[in-house]
file protein.csv (CSV, C-alpha atoms)
chain,number,residue,atom,x,y,z
A,1,MET,CA,30.3,17.2,26.3
A,2,SER,CA,33.2,19.6,26.5
A,3,ASP,CA,33.4,19.0,30.3
A,4,ARG,CA,34.7,15.5,29.6
A,5,GLY,CA,37.5,17.0,27.7
A,6,THR,CA,37.3,14.6,24.8
A,7,TYR,CA,37.1,16.2,21.3
A,8,GLN,CA,34.3,15.0,19.1
A,9,PRO,CA,33.2,16.5,15.8
A,10,TYR,CA,29.7,18.0,15.7
A,11,SER,CA,27.0,15.6,14.7
A,12,TYR,CA,24.6,16.7,11.9
A,13,TYR,CA,21.9,17.8,14.4
A,14,GLN,CA,24.4,19.7,16.6
A,15,LEU,CA,25.7,21.5,13.6
A,16,MET,CA,22.2,22.4,12.5
A,17,GLU,CA,21.3,23.6,16.0
A,18,THR,CA,24.4,25.8,16.3
A,19,SER,CA,23.9,27.2,12.8
A,20,LEU,CA,20.3,28.1,13.4
A,21,ARG,CA,21.0,29.5,16.9
A,22,GLU,CA,23.8,31.7,15.6
A,23,LEU,CA,21.7,33.0,12.8
A,24,LEU,CA,18.8,33.9,15.1
A,25,VAL,CA,21.2,35.7,17.4
A,26,GLU,CA,22.9,37.5,14.5
A,27,LYS,CA,19.5,38.7,13.2
A,28,GLY,CA,18.6,39.9,16.7
A,29,LEU,CA,15.6,37.6,17.1
A,30,VAL,CA,16.9,36.1,20.3
A,31,THR,CA,19.9,36.7,22.5
A,32,ASP,CA,22.4,34.1,23.8
A,33,ALA,CA,21.2,34.9,27.3
A,34,GLU,CA,17.6,34.1,26.4
A,35,VAL,CA,18.7,30.8,24.9
A,36,ASN,CA,20.6,29.9,28.0
A,37,GLU,CA,17.7,30.8,30.3
A,38,GLU,CA,15.4,28.7,28.3
A,39,VAL,CA,17.8,25.7,28.4
A,40,ALA,CA,18.1,26.2,32.2
A,41,ALA,CA,14.3,26.3,32.6
A,42,MET,CA,14.0,23.2,30.5
A,43,ARG,CA,16.5,21.4,32.8
A,44,GLU,CA,14.4,22.4,35.8
A,45,ARG,CA,11.3,20.6,34.5
A,46,GLN,CA,11.6,17.2,36.1
A,47,PRO,CA,9.1,14.4,36.9
A,48,GLU,CA,9.2,15.5,40.5
A,49,ARG,CA,6.7,18.1,39.5
A,50,GLY,CA,4.2,15.5,38.2
A,51,ALA,CA,4.9,13.4,41.3
A,52,ARG,CA,3.9,16.4,43.5
A,53,VAL,CA,0.6,16.7,41.7
A,54,VAL,CA,-0.1,12.9,42.1
A,55,ALA,CA,0.7,13.0,45.8
A,56,ARG,CA,-1.6,15.9,46.4
A,57,ALA,CA,-4.4,14.1,44.6
A,58,TRP,CA,-3.9,11.1,46.8
A,59,MET,CA,-4.0,13.3,49.9
A,60,ASP,CA,-6.9,15.5,48.9
A,61,ASP,CA,-10.0,14.0,47.3
A,62,ALA,CA,-11.5,17.4,46.3
A,63,PHE,CA,-8.2,18.3,44.5
A,64,ARG,CA,-8.2,14.9,42.8
A,65,GLN,CA,-11.7,15.7,41.4
A,66,ARG,CA,-10.6,19.1,40.2
A,67,LEU,CA,-7.5,17.5,38.6
A,68,LEU,CA,-9.6,15.1,36.6
A,69,GLU,CA,-12.0,17.8,35.5
A,70,ASN,CA,-9.4,20.3,34.4
A,71,GLY,CA,-5.7,19.3,34.9
A,72,THR,CA,-4.4,22.7,33.8
A,73,ALA,CA,-6.5,24.6,36.4
A,74,ALA,CA,-5.7,22.2,39.2
A,75,CYS,CA,-2.0,22.4,38.6
A,76,GLU,CA,-2.2,26.2,38.8
A,77,GLU,CA,-3.5,25.7,42.4
A,78,LEU,CA,-0.1,24.2,43.2
A,79,GLY,CA,1.7,27.1,41.6
A,80,LEU,CA,2.5,25.2,38.4
A,81,GLU,CA,1.6,27.8,35.7
A,82,ILE,CA,1.0,25.8,32.5
A,83,PRO,CA,-1.6,27.8,30.6
A,84,ALA,CA,-0.5,26.5,27.2
A,85,LEU,CA,-0.7,22.9,28.3
A,86,LYS,CA,-4.2,21.4,28.1
A,87,LEU,CA,-3.7,18.7,30.7
A,88,VAL,CA,-6.0,15.6,30.7
A,89,VAL,CA,-5.4,13.5,33.8
A,90,VAL,CA,-6.6,9.9,33.5
A,91,GLU,CA,-7.1,7.9,36.6
A,92,ASN,CA,-6.1,4.3,37.2
A,93,THR,CA,-8.5,2.2,39.3
A,94,THR,CA,-8.9,-1.4,40.2
A,95,GLN,CA,-10.8,-1.8,36.9
A,96,VAL,CA,-8.9,0.5,34.6
A,97,HIS,CA,-5.2,0.9,33.7
A,98,ASN,CA,-4.2,3.9,31.5
A,99,ALA,CA,-1.2,4.4,29.4
A,100,ILE,CA,0.0,7.2,27.2
A,101,VAL,CA,1.6,7.2,23.7
A,102,CYS,CA,2.0,9.7,20.8
A,103,THR,CA,2.0,7.6,17.7
A,104,LEU,CA,2.5,10.6,15.4
A,105,CYS,CA,5.5,12.2,17.1
A,106,SER,CA,6.3,12.4,20.8
A,107,CYS,CA,3.8,14.7,22.5
A,108,TYR,CA,4.5,14.6,26.2
A,109,PRO,CA,3.6,16.8,29.2
A,110,ARG,CA,7.2,18.2,29.4
A,111,VAL,CA,6.2,20.9,31.9
A,112,LEU,CA,5.3,18.2,34.4
A,113,LEU,CA,7.5,15.3,33.4
A,114,GLY,CA,10.5,16.9,31.8
A,115,ILE,CA,12.2,15.6,28.7
A,116,PRO,CA,10.7,12.4,27.5
A,117,PRO,CA,12.7,9.2,27.7
A,118,ASP,CA,14.2,7.9,24.4
A,119,TRP,CA,12.0,4.8,24.4
A,120,TYR,CA,8.9,7.0,24.4
A,121,LYS,CA,10.0,8.5,21.1
A,122,SER,CA,11.0,5.2,19.6
A,123,ARG,CA,9.2,3.8,16.6
A,124,ASN,CA,8.9,0.5,18.5
A,125,TYR,CA,6.9,2.0,21.5
A,126,ARG,CA,4.9,4.3,19.3
A,127,SER,CA,3.7,1.7,16.9
A,128,ARG,CA,3.2,-1.2,19.3
A,129,MET,CA,1.6,0.6,22.3
A,130,VAL,CA,-1.7,1.1,20.4
A,131,HIS,CA,-1.7,-2.3,18.9
A,132,GLU,CA,-0.4,-4.7,21.6
A,133,PRO,CA,-0.3,-2.7,24.8
A,134,ARG,CA,-0.4,-5.8,27.1
A,135,ALA,CA,2.7,-7.2,25.4
A,136,VAL,CA,4.5,-3.9,25.6
A,137,LEU,CA,3.6,-3.4,29.3
A,138,GLU,CA,4.9,-6.9,30.0
A,139,GLU,CA,8.3,-5.9,28.5
A,140,PHE,CA,8.3,-3.1,31.1
A,141,GLY,CA,7.6,-5.7,33.8
A,142,LEU,CA,4.0,-4.8,34.2
A,143,ARG,CA,1.4,-7.6,33.9
A,144,ILE,CA,-2.1,-6.3,33.8
A,145,PRO,CA,-4.8,-8.9,34.6
A,146,GLN,CA,-7.3,-9.7,31.9
A,147,ASN,CA,-10.2,-8.4,34.0
A,148,VAL,CA,-8.7,-5.0,34.1
A,149,GLN,CA,-9.5,-2.7,31.1
A,150,ILE,CA,-6.5,-1.2,29.4
A,151,ARG,CA,-7.1,2.3,28.0
A,152,VAL,CA,-4.4,3.6,25.7
A,153,HIS,CA,-4.4,7.3,25.0
A,154,ASP,CA,-3.0,8.4,21.7
A,155,SER,CA,-1.9,12.0,22.2
A,156,THR,CA,-2.6,13.2,18.6
A,157,ALA,CA,-3.6,16.9,19.0
A,158,ASP,CA,-3.8,19.6,21.6
A,159,MET,CA,-4.2,17.6,24.8
A,160,ARG,CA,-1.4,16.3,26.9
A,161,TYR,CA,-1.9,13.4,29.2
A,162,MET,CA,-0.7,12.3,32.6
A,163,VAL,CA,-1.7,9.1,34.4
A,164,LEU,CA,-2.9,9.3,38.0
A,165,PRO,CA,-1.7,6.0,39.4
A,166,MET,CA,-3.4,4.2,42.2
A,167,ARG,CA,-2.0,4.8,45.7
A,168,PRO,CA,-0.4,1.6,46.8
A,169,LYS,CA,-1.2,-0.2,50.0
A,170,GLY,CA,1.2,0.3,52.8
A,171,THR,CA,1.4,4.1,52.4
A,172,GLU,CA,-1.3,4.9,55.1
A,173,GLY,CA,-0.3,7.9,57.1
A,174,TRP,CA,2.5,9.0,54.8
A,175,ASP,CA,3.0,12.7,54.2
A,176,GLU,CA,2.8,14.3,50.8
A,177,ALA,CA,6.6,14.5,50.3
A,178,ARG,CA,7.1,10.8,51.1
A,179,LEU,CA,4.2,9.8,48.8
A,180,ALA,CA,5.7,11.9,46.0
A,181,GLY,CA,8.9,10.0,46.4
A,182,ILE,CA,7.4,6.7,45.2
A,183,VAL,CA,5.7,8.3,42.1
A,184,SER,CA,8.0,7.5,39.2
A,185,ARG,CA,8.0,9.1,35.8
A,186,ASP,CA,7.1,5.8,34.2
A,187,SER,CA,4.1,5.4,36.5
A,188,MET,CA,2.7,8.7,35.2
A,189,ILE,CA,3.1,7.5,31.6
A,190,GLY,CA,1.4,4.3,32.6
A,191,VAL,CA,4.2,1.7,31.9
A,192,ALA,CA,4.8,1.1,35.7
A,193,VAL,CA,2.9,1.4,39.0
A,194,PRO,CA,4.2,3.0,42.2
A,195,GLN,CA,5.9,0.5,44.5
A,196,VAL,CA,6.4,0.6,48.2
A,197,LYS,CA,10.0,-0.5,48.9
B,198,MET,CA,-21.9,20.6,24.9
B,199,LYS,CA,-19.5,22.3,27.3
B,200,PRO,CA,-15.9,21.9,26.3
B,201,GLN,CA,-13.3,20.7,28.8
B,202,PHE,CA,-11.1,23.6,27.9
B,203,ALA,CA,-12.6,27.0,26.9
B,204,THR,CA,-10.8,29.1,24.2
B,205,ASP,CA,-11.5,32.6,23.0
B,206,TYR,CA,-11.0,32.6,19.2
B,207,PRO,CA,-13.6,32.1,16.5
B,208,ALA,CA,-14.7,28.5,16.4
B,209,LEU,CA,-17.1,26.2,14.6
B,210,ASP,CA,-19.9,24.8,16.6
B,211,ALA,CA,-19.5,21.3,18.1
B,212,LYS,CA,-21.8,18.9,16.2
B,213,PHE,CA,-21.3,15.8,18.3
B,214,ASP,CA,-22.2,15.0,21.9
B,215,LYS,CA,-20.7,12.7,24.4
B,216,GLY,CA,-21.7,9.1,23.6
B,217,ASP,CA,-22.4,9.7,19.8
B,218,ARG,CA,-21.2,7.0,17.5
B,219,VAL,CA,-18.8,8.4,14.9
B,220,ARG,CA,-16.8,7.2,12.0
B,221,VAL,CA,-13.4,8.6,11.1
B,222,ARG,CA,-13.3,9.6,7.5
B,223,LYS,CA,-11.2,7.2,5.3
B,224,ALA,CA,-9.3,9.8,3.4
B,225,ALA,CA,-5.7,10.3,2.5
B,226,PRO,CA,-5.1,14.0,1.8
B,227,LEU,CA,-1.6,15.3,1.5
B,228,GLY,CA,0.0,17.6,4.1
B,229,HIS,CA,0.3,17.6,7.8
B,230,ILE,CA,-2.5,15.4,9.2
B,231,ARG,CA,-3.1,14.8,12.9
B,232,THR,CA,-5.5,11.9,12.3
B,233,PRO,CA,-3.4,8.7,12.5
B,234,PHE,CA,-3.7,6.5,9.5
B,235,TYR,CA,-4.5,3.4,11.5
B,236,ILE,CA,-7.7,4.8,12.9
B,237,ARG,CA,-9.2,6.1,9.6
B,238,GLY,CA,-12.4,4.3,8.6
B,239,HIS,CA,-13.1,3.0,12.2
B,240,VAL,CA,-16.1,3.6,14.3
B,241,GLY,CA,-15.9,4.9,17.9
B,242,GLU,CA,-17.8,6.8,20.5
B,243,ILE,CA,-17.3,10.4,21.6
B,244,GLU,CA,-15.6,10.3,25.0
B,245,ARG,CA,-15.5,14.0,25.5
B,246,TYR,CA,-15.4,17.4,23.8
B,247,CYS,CA,-12.0,18.9,24.4
B,248,GLY,CA,-12.6,22.4,23.0
B,249,ALA,CA,-12.0,24.0,19.7
B,250,PHE,CA,-8.4,24.5,18.4
B,251,PRO,CA,-6.9,25.9,15.3
B,252,ASN,CA,-6.8,23.4,12.5
B,253,PRO,CA,-3.3,21.9,12.4
B,254,GLU,CA,-3.6,21.2,8.7
B,255,GLU,CA,-4.0,25.0,8.1
B,256,LEU,CA,-1.3,25.9,10.7
B,257,ALA,CA,1.2,23.8,8.8
B,258,GLN,CA,0.5,25.9,5.7
B,259,MET,CA,1.3,29.1,7.8
B,260,ARG,CA,-2.3,30.1,7.9
B,261,ASP,CA,-4.2,30.9,11.2
B,262,GLY,CA,-6.2,27.7,11.4
B,263,LEU,CA,-9.4,29.7,12.1
B,264,PRO,CA,-12.2,29.2,12.7
B,265,ALA,CA,-11.0,26.7,15.2
B,266,GLN,CA,-12.1,23.1,14.7
B,267,PRO,CA,-13.9,21.3,17.6
B,268,LEU,CA,-11.6,18.5,18.9
B,269,TYR,CA,-13.0,15.4,20.5
B,270,ARG,CA,-11.6,12.4,22.3
B,271,VAL,CA,-13.0,9.3,20.5
B,272,ARG,CA,-13.0,5.9,22.2
B,273,PHE,CA,-12.5,2.8,20.1
B,274,LYS,CA,-12.8,-0.9,21.0
B,275,GLN,CA,-9.4,-2.5,20.5
B,276,LYS,CA,-10.9,-5.6,19.0
B,277,GLU,CA,-12.7,-3.6,16.4
B,278,VAL,CA,-9.6,-1.7,15.4
B,279,TRP,CA,-7.2,-4.6,15.2
B,280,PRO,CA,-8.7,-8.0,14.1
B,281,ASP,CA,-5.7,-9.8,15.7
B,282,TYR,CA,-5.9,-7.9,19.0
B,283,ARG,CA,-4.7,-10.0,21.9
B,284,GLY,CA,-6.2,-8.8,25.2
B,285,SER,CA,-9.4,-8.2,27.0
B,286,ASP,CA,-12.6,-7.5,25.0
B,287,SER,CA,-13.0,-4.4,27.1
B,288,ASP,CA,-9.7,-2.8,26.2
B,289,VAL,CA,-10.0,0.5,24.4
B,290,LEU,CA,-8.0,3.1,22.5
B,291,GLU,CA,-8.7,6.8,22.8
B,292,VAL,CA,-7.6,9.2,20.1
B,293,GLU,CA,-8.1,13.0,19.7
B,294,ILE,CA,-9.8,13.7,16.4
B,295,PHE,CA,-10.9,17.0,14.9
B,296,GLN,CA,-14.5,17.4,13.8
B,297,HIS,CA,-13.9,17.6,10.1
B,298,TRP,CA,-12.5,14.1,10.2
B,299,LEU,CA,-15.7,12.7,11.8
B,300,GLU,CA,-19.1,11.7,10.4
B,301,LYS,CA,-22.1,10.3,12.2
B,302,ALA,CA,-22.0,6.5,12.2

call {"tool": "encode", "arguments": {"input": "protein.csv", "output": "structure tokens"}}
result
Amino acid sequence: MSDRGTYQPYSYYQLMETSLRELLVEKGLVTDAEVNEEVAAMRERQPERGARVVARAWMDDAFRQRLLENGTAACEELGLEIPALKLVVVENTTQVHNAIVCTLCSCYPRVLLGIPPDWYKSRNYRSRMVHEPRAVLEEFGLRIPQNVQIRVHDSTADMRYMVLPMRPKGTEGWDEARLAGIVSRDSMIGVAVPQVK
Amino acid sequence: MKPQFATDYPALDAKFDKGDRVRVRKAAPLGHIRTPFYIRGHVGEIERYCGAFPNPEELAQMRDGLPAQPLYRVRFKQKEVWPDYRGSDSDVLEVEIFQHWLEKA
């Protein structure tokens, strides 16, 4: 915020973060450099990583199967080292639409999708997604036909989830990078589907 | 039953198989509980065995959470969870629940 040049007093959470960080540095538990490195690494985690995984699954059916069997191991094949993340990939089909929520807090596959959007952490989304998913999806502009089953996954414990969306029509012959370009963050949470512009 | 994710710490045996009908215990203990309140007392079906993980209720008390508790994904019918559910009869909700919260239904 200092790059905008406008002075604002610290908020409660900023003050708490700064105090805690300075204490940890003072006690020699972490260094400023380590904190900066971690923040930089966190910024690098973007939904493009997840999109790459989805595009590969669309291109390569054997990879798709390995991804559904063990998401963590399959991501390692792409050089995404995520040992702490137990990744469960759920696949959308013409009969099933999946969506992810964490009603207890805001569990989210950050390594693949980056920092979760604010709405994902909101009480509104967290409480309503398990109870009236169709109404919530409509608010996102996604109408799911009644003959399609909706599976809502409440991420309550050690698993983290990613939706494998359906590859849209009109993408025949596309290469992996072009396919990844249409896989949005929201489509991997399950509140949108990839669109061909 | 083979877990989806293998772990290497001491763990309790998995008591349930895929497809088993289970009821979530209707209890309200104090502390850090990872079983959502809305699902307690409901009956579902084991969708998969995820693996065994340190018990979060113990971890929250600064203990090691071992032996690890088997963790399952349990599938519930939306219409059975919410009497006023609006949507398809086939819609489901899947929740991760630790074994000590489940009993045979």

call {"tool": "closest_atom_pairs", "arguments": {"input": "protein.csv", "of": "chain A", "to": "chain B", "cutoff": "10 Å", "atoms": "all atoms listed in the file", "output": "JSON lines"}}
result
{"residue": "A:Glu69", "atom": "CA", "partner": "B:Gln201", "partner_atom": "CA", "distance": 7.4}
{"residue": "A:Asn70", "atom": "CA", "partner": "B:Gln201", "partner_atom": "CA", "distance": 6.8}
{"residue": "A:Gly71", "atom": "CA", "partner": "B:Phe202", "partner_atom": "CA", "distance": 9.8}
{"residue": "A:Thr72", "atom": "CA", "partner": "B:Phe202", "partner_atom": "CA", "distance": 9.0}
{"residue": "A:Ala73", "atom": "CA", "partner": "B:Phe202", "partner_atom": "CA", "distance": 9.7}
{"residue": "A:Lys86", "atom": "CA", "partner": "B:Phe202", "partner_atom": "CA", "distance": 7.2}
{"residue": "A:Leu87", "atom": "CA", "partner": "B:Phe202", "partner_atom": "CA", "distance": 9.3}
{"residue": "A:Val88", "atom": "CA", "partner": "B:Gln201", "partner_atom": "CA", "distance": 9.1}
{"residue": "A:Val96", "atom": "CA", "partner": "B:Asp288", "partner_atom": "CA", "distance": 9.1}
{"residue": "A:His97", "atom": "CA", "partner": "B:Asp288", "partner_atom": "CA", "distance": 9.5}
{"residue": "A:Asn98", "atom": "CA", "partner": "B:Val289", "partner_atom": "CA", "distance": 9.8}
{"residue": "A:Ala99", "atom": "CA", "partner": "B:Leu290", "partner_atom": "CA", "distance": 9.8}
{"residue": "A:Ile100", "atom": "CA", "partner": "B:Glu291", "partner_atom": "CA", "distance": 9.8}
{"residue": "A:Cys102", "atom": "CA", "partner": "B:Val292", "partner_atom": "CA", "distance": 9.6}
{"residue": "A:Thr103", "atom": "CA", "partner": "B:Pro233", "partner_atom": "CA", "distance": 7.6}
{"residue": "A:Leu104", "atom": "CA", "partner": "B:Pro233", "partner_atom": "CA", "distance": 6.8}
{"residue": "A:Cys105", "atom": "CA", "partner": "B:Arg231", "partner_atom": "CA", "distance": 9.9}
{"residue": "A:Ser127", "atom": "CA", "partner": "B:Tyr235", "partner_atom": "CA", "distance": 10.0}
{"residue": "A:Met129", "atom": "CA", "partner": "B:Leu290", "partner_atom": "CA", "distance": 9.9}
{"residue": "A:Val130", "atom": "CA", "partner": "B:Leu290", "partner_atom": "CA", "distance": 6.9}
{"residue": "A:His131", "atom": "CA", "partner": "B:Tyr282", "partner_atom": "CA", "distance": 7.0}
{"residue": "A:Glu132", "atom": "CA", "partner": "B:Arg283", "partner_atom": "CA", "distance": 6.8}
{"residue": "A:Pro133", "atom": "CA", "partner": "B:Gly284", "partner_atom": "CA", "distance": 8.5}
{"residue": "A:Arg134", "atom": "CA", "partner": "B:Gly284", "partner_atom": "CA", "distance": 6.8}
{"residue": "A:Ala135", "atom": "CA", "partner": "B:Arg283", "partner_atom": "CA", "distance": 8.7}
{"residue": "A:Ile144", "atom": "CA", "partner": "B:Gly284", "partner_atom": "CA", "distance": 9.8}
{"residue": "A:Pro145", "atom": "CA", "partner": "B:Ser285", "partner_atom": "CA", "distance": 8.9}
{"residue": "A:Gln146", "atom": "CA", "partner": "B:Ser285", "partner_atom": "CA", "distance": 5.5}
{"residue": "A:Asn147", "atom": "CA", "partner": "B:Ser285", "partner_atom": "CA", "distance": 7.0}
{"residue": "A:Val148", "atom": "CA", "partner": "B:Ser285", "partner_atom": "CA", "distance": 7.8}
{"residue": "A:Gln149", "atom": "CA", "partner": "B:Asp288", "partner_atom": "CA", "distance": 4.9}
{"residue": "A:Ile150", "atom": "CA", "partner": "B:Asp288", "partner_atom": "CA", "distance": 4.8}
{"residue": "A:Arg151", "atom": "CA", "partner": "B:Val289", "partner_atom": "CA", "distance": 5.0}
{"residue": "A:Val152", "atom": "CA", "partner": "B:Leu290", "partner_atom": "CA", "distance": 4.8}
{"residue": "A:His153", "atom": "CA", "partner": "B:Glu291", "partner_atom": "CA", "distance": 4.9}
{"residue": "A:Asp154", "atom": "CA", "partner": "B:Val292", "partner_atom": "CA", "distance": 4.9}
{"residue": "A:Ser155", "atom": "CA", "partner": "B:Val292", "partner_atom": "CA", "distance": 6.7}
{"residue": "A:Thr156", "atom": "CA", "partner": "B:Glu293", "partner_atom": "CA", "distance": 5.6}
{"residue": "A:Ala157", "atom": "CA", "partner": "B:Glu293", "partner_atom": "CA", "distance": 6.0}
{"residue": "A:Asp158", "atom": "CA", "partner": "B:Phe250", "partner_atom": "CA", "distance": 7.4}
{"residue": "A:Met159", "atom": "CA", "partner": "B:Glu293", "partner_atom": "CA", "distance": 7.9}

call {"tool": "residues_around", "arguments": {"input": "protein.csv", "residues": "Ala177 of chain A", "least_positions_apart": "4", "cutoff": "8 Å", "atoms": "all atoms listed in the file", "output": "JSON, numbers by chain"}}
result
{"A": [52, 55, 181]}

call {"tool": "residues_around", "arguments": {"input": "protein.csv", "residues": "segment 31-42 of chain A", "least_positions_apart": "2", "cutoff": "12 Å", "atoms": "only C-alpha atoms", "output": "compact mmCIF listing (two decimals) with C-alpha atoms, in the frame of the given file"}}
result
# COMPACT_ATOMS: atom_id res chain seq x y z
CA GLU A 17 21.30 23.60 16.00
CA THR A 18 24.40 25.80 16.30
CA LEU A 20 20.30 28.10 13.40
CA ARG A 21 21.00 29.50 16.90
CA GLU A 22 23.80 31.70 15.60
CA LEU A 23 21.70 33.00 12.80
CA LEU A 24 18.80 33.90 15.10
CA VAL A 25 21.20 35.70 17.40
CA GLU A 26 22.90 37.50 14.50
CA LYS A 27 19.50 38.70 13.20
CA GLY A 28 18.60 39.90 16.70
CA LEU A 29 15.60 37.60 17.10
CA GLU A 44 14.40 22.40 35.80
CA ARG A 45 11.30 20.60 34.50
CA GLN A 46 11.60 17.20 36.10
CA PRO A 47 9.10 14.40 36.90
CA ARG A 110 7.20 18.20 29.40
CA VAL A 111 6.20 20.90 31.90
CA LEU A 112 5.30 18.20 34.40
CA LEU A 113 7.50 15.30 33.40
CA GLY A 114 10.50 16.90 31.80
CA ILE A 115 12.20 15.60 28.70
CA PRO A 116 10.70 12.40 27.50

call {"tool": "closest_residue", "arguments": {"input": "protein.csv", "among": "A:Ala180, A:Val163, A:Ala62, A:Val193", "to": "Gly141 of chain A", "atoms": "all atoms listed in the file"}}
result
A:Val193

call {"tool": "atom_distance", "arguments": {"input": "protein.csv", "atom1": "atom CA of Asp217 of chain B", "atom2": "atom CA of Trp298 of chain B"}}
result
14.5 Å

call {"tool": "atom_distance", "arguments": {"input": "protein.csv", "atom1": "atom CA of Asp214 of chain B", "atom2": "atom CA of Leu68 of chain A"}}
result
19.4 Å

call {"tool": "atom_distance", "arguments": {"input": "protein.csv", "atom1": "atom CA of Ala51 of chain A", "atom2": "atom CA of Ser184 of chain A"}}
result
7.0 Å

call {"tool": "residues_near_point", "arguments": {"input": "protein.csv", "point": "(-9.0, 6.4, 9.0)", "cutoff": "6 Å", "atoms": "all atoms listed in the file", "output": "ChimeraX atom specification"}}
result
/B:221-223,234-238

call {"tool": "residues_around", "arguments": {"input": "protein.csv", "residues": "Trp58 of chain A", "least_positions_apart": "5", "cutoff": "12 Å", "atoms": "all atoms listed in the file", "output": "ChimeraX atom specification"}}
result
/A:51-53,63-65,67,91-92,164-168,171-180,183

call {"tool": "write_last_selection", "arguments": {"input": "protein.csv", "atoms": "C-alpha atoms", "output": "tab-separated table (two decimals), keeping the file's coordinate frame"}}
result
chain	number	residue	atom	x	y	z
A	51	ALA	CA	4.90	13.40	41.30
A	52	ARG	CA	3.90	16.40	43.50
A	53	VAL	CA	0.60	16.70	41.70
A	63	PHE	CA	-8.20	18.30	44.50
A	64	ARG	CA	-8.20	14.90	42.80
A	65	GLN	CA	-11.70	15.70	41.40
A	67	LEU	CA	-7.50	17.50	38.60
A	91	GLU	CA	-7.10	7.90	36.60
A	92	ASN	CA	-6.10	4.30	37.20
A	164	LEU	CA	-2.90	9.30	38.00
A	165	PRO	CA	-1.70	6.00	39.40
A	166	MET	CA	-3.40	4.20	42.20
A	167	ARG	CA	-2.00	4.80	45.70
A	168	PRO	CA	-0.40	1.60	46.80
A	171	THR	CA	1.40	4.10	52.40
A	172	GLU	CA	-1.30	4.90	55.10
A	173	GLY	CA	-0.30	7.90	57.10
A	174	TRP	CA	2.50	9.00	54.80
A	175	ASP	CA	3.00	12.70	54.20
A	176	GLU	CA	2.80	14.30	50.80
A	177	ALA	CA	6.60	14.50	50.30
A	178	ARG	CA	7.10	10.80	51.10
A	179	LEU	CA	4.20	9.80	48.80
A	180	ALA	CA	5.70	11.90	46.00
A	183	VAL	CA	5.70	8.30	42.10

call {"tool": "build_atoms", "arguments": {"input": "protein.csv", "residues": "segment 244-257 of chain B", "atoms": "N, CA and C atoms", "output": "tab-separated table (two decimals), in the frame of the given file"}}
result
chain	number	residue	atom	x	y	z
B	244	GLU	N	-15.89	10.42	23.58
B	244	GLU	CA	-15.60	10.30	25.00
B	244	GLU	C	-15.76	11.64	25.70
B	245	ARG	N	-15.27	12.69	25.04
B	245	ARG	CA	-15.50	14.00	25.50
B	245	ARG	C	-15.18	15.07	24.44
B	246	TYR	N	-15.71	16.25	24.65
B	246	TYR	CA	-15.40	17.40	23.80
B	246	TYR	C	-14.31	18.18	24.44
B	247	CYS	N	-13.16	18.26	23.81
B	247	CYS	CA	-12.00	18.90	24.40
B	247	CYS	C	-12.06	20.41	24.38
B	248	GLY	N	-12.65	20.93	23.30
B	248	GLY	CA	-12.60	22.40	23.00
B	248	GLY	C	-12.28	22.54	21.56
B	249	ALA	N	-12.26	23.80	21.09
B	249	ALA	CA	-12.00	24.00	19.70
B	249	ALA	C	-10.54	24.59	19.56
B	250	PHE	N	-9.80	24.08	18.59
B	250	PHE	CA	-8.40	24.50	18.40
B	250	PHE	C	-8.10	24.72	16.95
B	251	PRO	N	-7.18	25.65	16.68
B	251	PRO	CA	-6.90	25.90	15.30
B	251	PRO	C	-6.49	24.67	14.52
B	252	ASN	N	-7.00	24.59	13.31
B	252	ASN	CA	-6.80	23.40	12.50
B	252	ASN	C	-5.32	23.21	12.14
B	253	PRO	N	-4.72	22.10	12.62
B	253	PRO	CA	-3.30	21.90	12.40
B	253	PRO	C	-2.90	21.80	10.92
B	254	GLU	N	-3.86	21.34	10.11
B	254	GLU	CA	-3.60	21.20	8.70
B	254	GLU	C	-3.38	22.57	8.04
B	255	GLU	N	-4.10	23.57	8.57
B	255	GLU	CA	-4.00	25.00	8.10
B	255	GLU	C	-2.72	25.60	8.70
B	256	LEU	N	-2.51	25.35	9.99
B	256	LEU	CA	-1.30	25.90	10.70
B	256	LEU	C	-0.05	25.52	9.94
B	257	ALA	N	-0.04	24.26	9.48
B	257	ALA	CA	1.20	23.80	8.80
B	257	ALA	C	1.42	24.49	7.49
